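Undergrad: Below is one structure. I have some questions about it.
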Amino acid sequence: AQAFASGAGCDWTTDFDSMLARDDIDVIGVFTSSGTHCDFCIQVLKAGKHAVTTKPMDIRVEKCEEAIQVAKDADKILAVDFGNRYSVQNQKLKAGLGKLGNIFLGDVRMKWLREQSYYDGGWPPGWRSRKETEGGSIANQGVHFVDLVYWFLGPVKEISGRSGTLAHEIETEDITIANLTFQSGAWGLIETTTSNYPNLGTTIEISGTNGTLVWSQRGGVEMFRTRDEENVDWESI
């Protein structure tokens, strides 16, 4: 902390309570293990400051709901870091989704690799492997892409799925499959795993009655094709 503060030209502390007590701090970011995000955010909000947490918001729905209510009561901002929404590319893609016609299917395929050493490491050691502090492949790695497809297609009406631990010695899951029905009537499929060798990254596909969009974590827009345009010039949208 001291070394970072020296380079950034700012104060530093390892005392969370003393930071909450400062009058010259308006917003505090929470970048701790996933299962502690809302606990810290609630303390920040009750101290009269805005709170920003990295993804996921938390790994327990009841904690998220509690934090949301505390933010409302305190009239403070509670924000979650979903930076993919703010890239110029994704902003343009969202604006151009109407070119696909009536969207009937959206799917996420995240096939990542995380070795056992990844789960055994971190600080405190092993926090990524324990249910009390982590949520697994969909809550940790997959959540950015789940949010992106949610942002593209809108609220979800129904969901069913299953998860398991098939390739690691951990308490959390390393594979999840979910079937979605969006309020719009479109269907969705989400696959996340941290057990895939080699690491294939993430792909999102959006299918409509007039075309298809394929977005890859590695290659960006791999296809934006409609019945009217072989290659949609999404950059000009």
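By order in the structure tokens, chains are A, B, ...; within a chain, residues start at 1; ligands start at 1, following the order shown.
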If you run DSSP on the backbone, which residues of region 128-190 of chain A are helix (DSSP H, G or I), as a list of chain:residue names?

TA: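 Reading the DSSP output for region 128-190 of chain A, helix (DSSP H, G or I) covers A:Arg128, A:Ser129, A:Val143, A:His144, A:Phe145, A:Val146, A:Asp147, A:Leu148, A:Val149, A:Tyr150, A:Trp151, A:Phe152, A:Leu153.
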
Undergrad: List as number ranges by chain the protein and nucleic acid residues near Gly208 (chain A), meaning an atom at most 7 Å away when only C-alpha atoms are counted, but skip any in the same chain fewer than 3 places from it.

TA: A: 100-105, 211-212

Undergrad: Can you work out which one of A:Asp17, A:Glu205, A:Glu191, A:Asp120 has the shortest atom-to-atom distance to Glu169 (chain A), counting only C-alpha atoms?

TA: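 Among the listed residues, the smallest separation from Glu169 (chain A) belongs to A:Asp120.
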
Undergrad: Please list as a list of chain:residue names every residue within 6 Å of Leu189 (chain A), counting only C-alpha atoms and excluding residues in the same chain fewer than 3 positions away.

TA: A:Asp107, A:Ala178, A:Asn179

Undergrad: Using the chain letters and numbers from this document, which residues of region 78-148 of chain A does DSSP assign to strand (DSSP E), as a PyMOL selection string?

TA: chain A and resi 78-80+103-111

Undergrad: Pick out the closest residue to Val27 (chain A) from this set: A:Asn90, A:Gln43, A:Thr193, A:Ser129. Count only C-alpha atoms.

TA: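 Result for the nearest residue to Val27 (chain A): A:Gln43.
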
Undergrad: Each residue of region 109-156 of chain A with at least one atom at most 8 Å from region 31-35 of chain A should appear once, together with its nearest atom pair and the corresponding distance in Å (one decimal); atoms considered: only C-alpha atoms; ordering: chain, then increasing residue number; output as a Markdown table.

TA:
| residue | atom | partner | partner_atom | distance |
| --- | --- | --- | --- | --- |
| A:Trp127 | CA | A:Ser33 | CA | 7.0 |
| A:Arg128 | CA | A:Ser33 | CA | 7.8 |
| A:Glu132 | CA | A:Gly35 | CA | 6.1 |
| A:Thr133 | CA | A:Gly35 | CA | 4.1 |
| A:Glu134 | CA | A:Ser34 | CA | 5.3 |
| A:Gly135 | CA | A:Ser34 | CA | 7.4 |
| A:Asn140 | CA | A:Ser34 | CA | 7.8 |

Undergrad: With N, CA, C and O atoms retained, write the just-selected residues as a tab-separated table (two decimals), in the first residue's frame.

TA:
chain	number	residue	atom	x	y	z
A	127	TRP	N	-8.70	-18.58	-1.14
A	127	TRP	CA	-10.03	-17.97	-1.05
A	127	TRP	C	-10.89	-18.26	-2.28
A	127	TRP	O	-12.12	-18.34	-2.18
A	128	ARG	N	-10.26	-18.45	-3.43
A	128	ARG	CA	-11.03	-18.71	-4.65
A	128	ARG	C	-11.65	-20.11	-4.65
A	128	ARG	O	-12.50	-20.40	-5.49
A	132	GLU	N	-17.47	-19.93	1.01
A	132	GLU	CA	-17.76	-18.77	1.85
A	132	GLU	C	-17.20	-17.48	1.27
A	132	GLU	O	-17.64	-16.38	1.63
A	133	THR	N	-16.24	-17.59	0.36
A	133	THR	CA	-15.60	-16.39	-0.17
A	133	THR	C	-15.65	-16.28	-1.70
A	133	THR	O	-15.28	-15.24	-2.25
A	134	GLU	N	-16.10	-17.32	-2.40
A	134	GLU	CA	-16.12	-17.29	-3.86
A	134	GLU	C	-17.31	-18.05	-4.40
A	134	GLU	O	-17.85	-18.93	-3.73
A	135	GLY	N	-17.72	-17.71	-5.64
A	135	GLY	CA	-18.91	-18.31	-6.20
A	135	GLY	C	-18.68	-19.29	-7.34
A	135	GLY	O	-19.60	-19.95	-7.77
A	140	ASN	N	-17.34	-15.63	-10.75
A	140	ASN	CA	-16.05	-14.96	-10.79
A	140	ASN	C	-15.66	-14.59	-12.22
A	140	ASN	O	-15.64	-13.42	-12.60
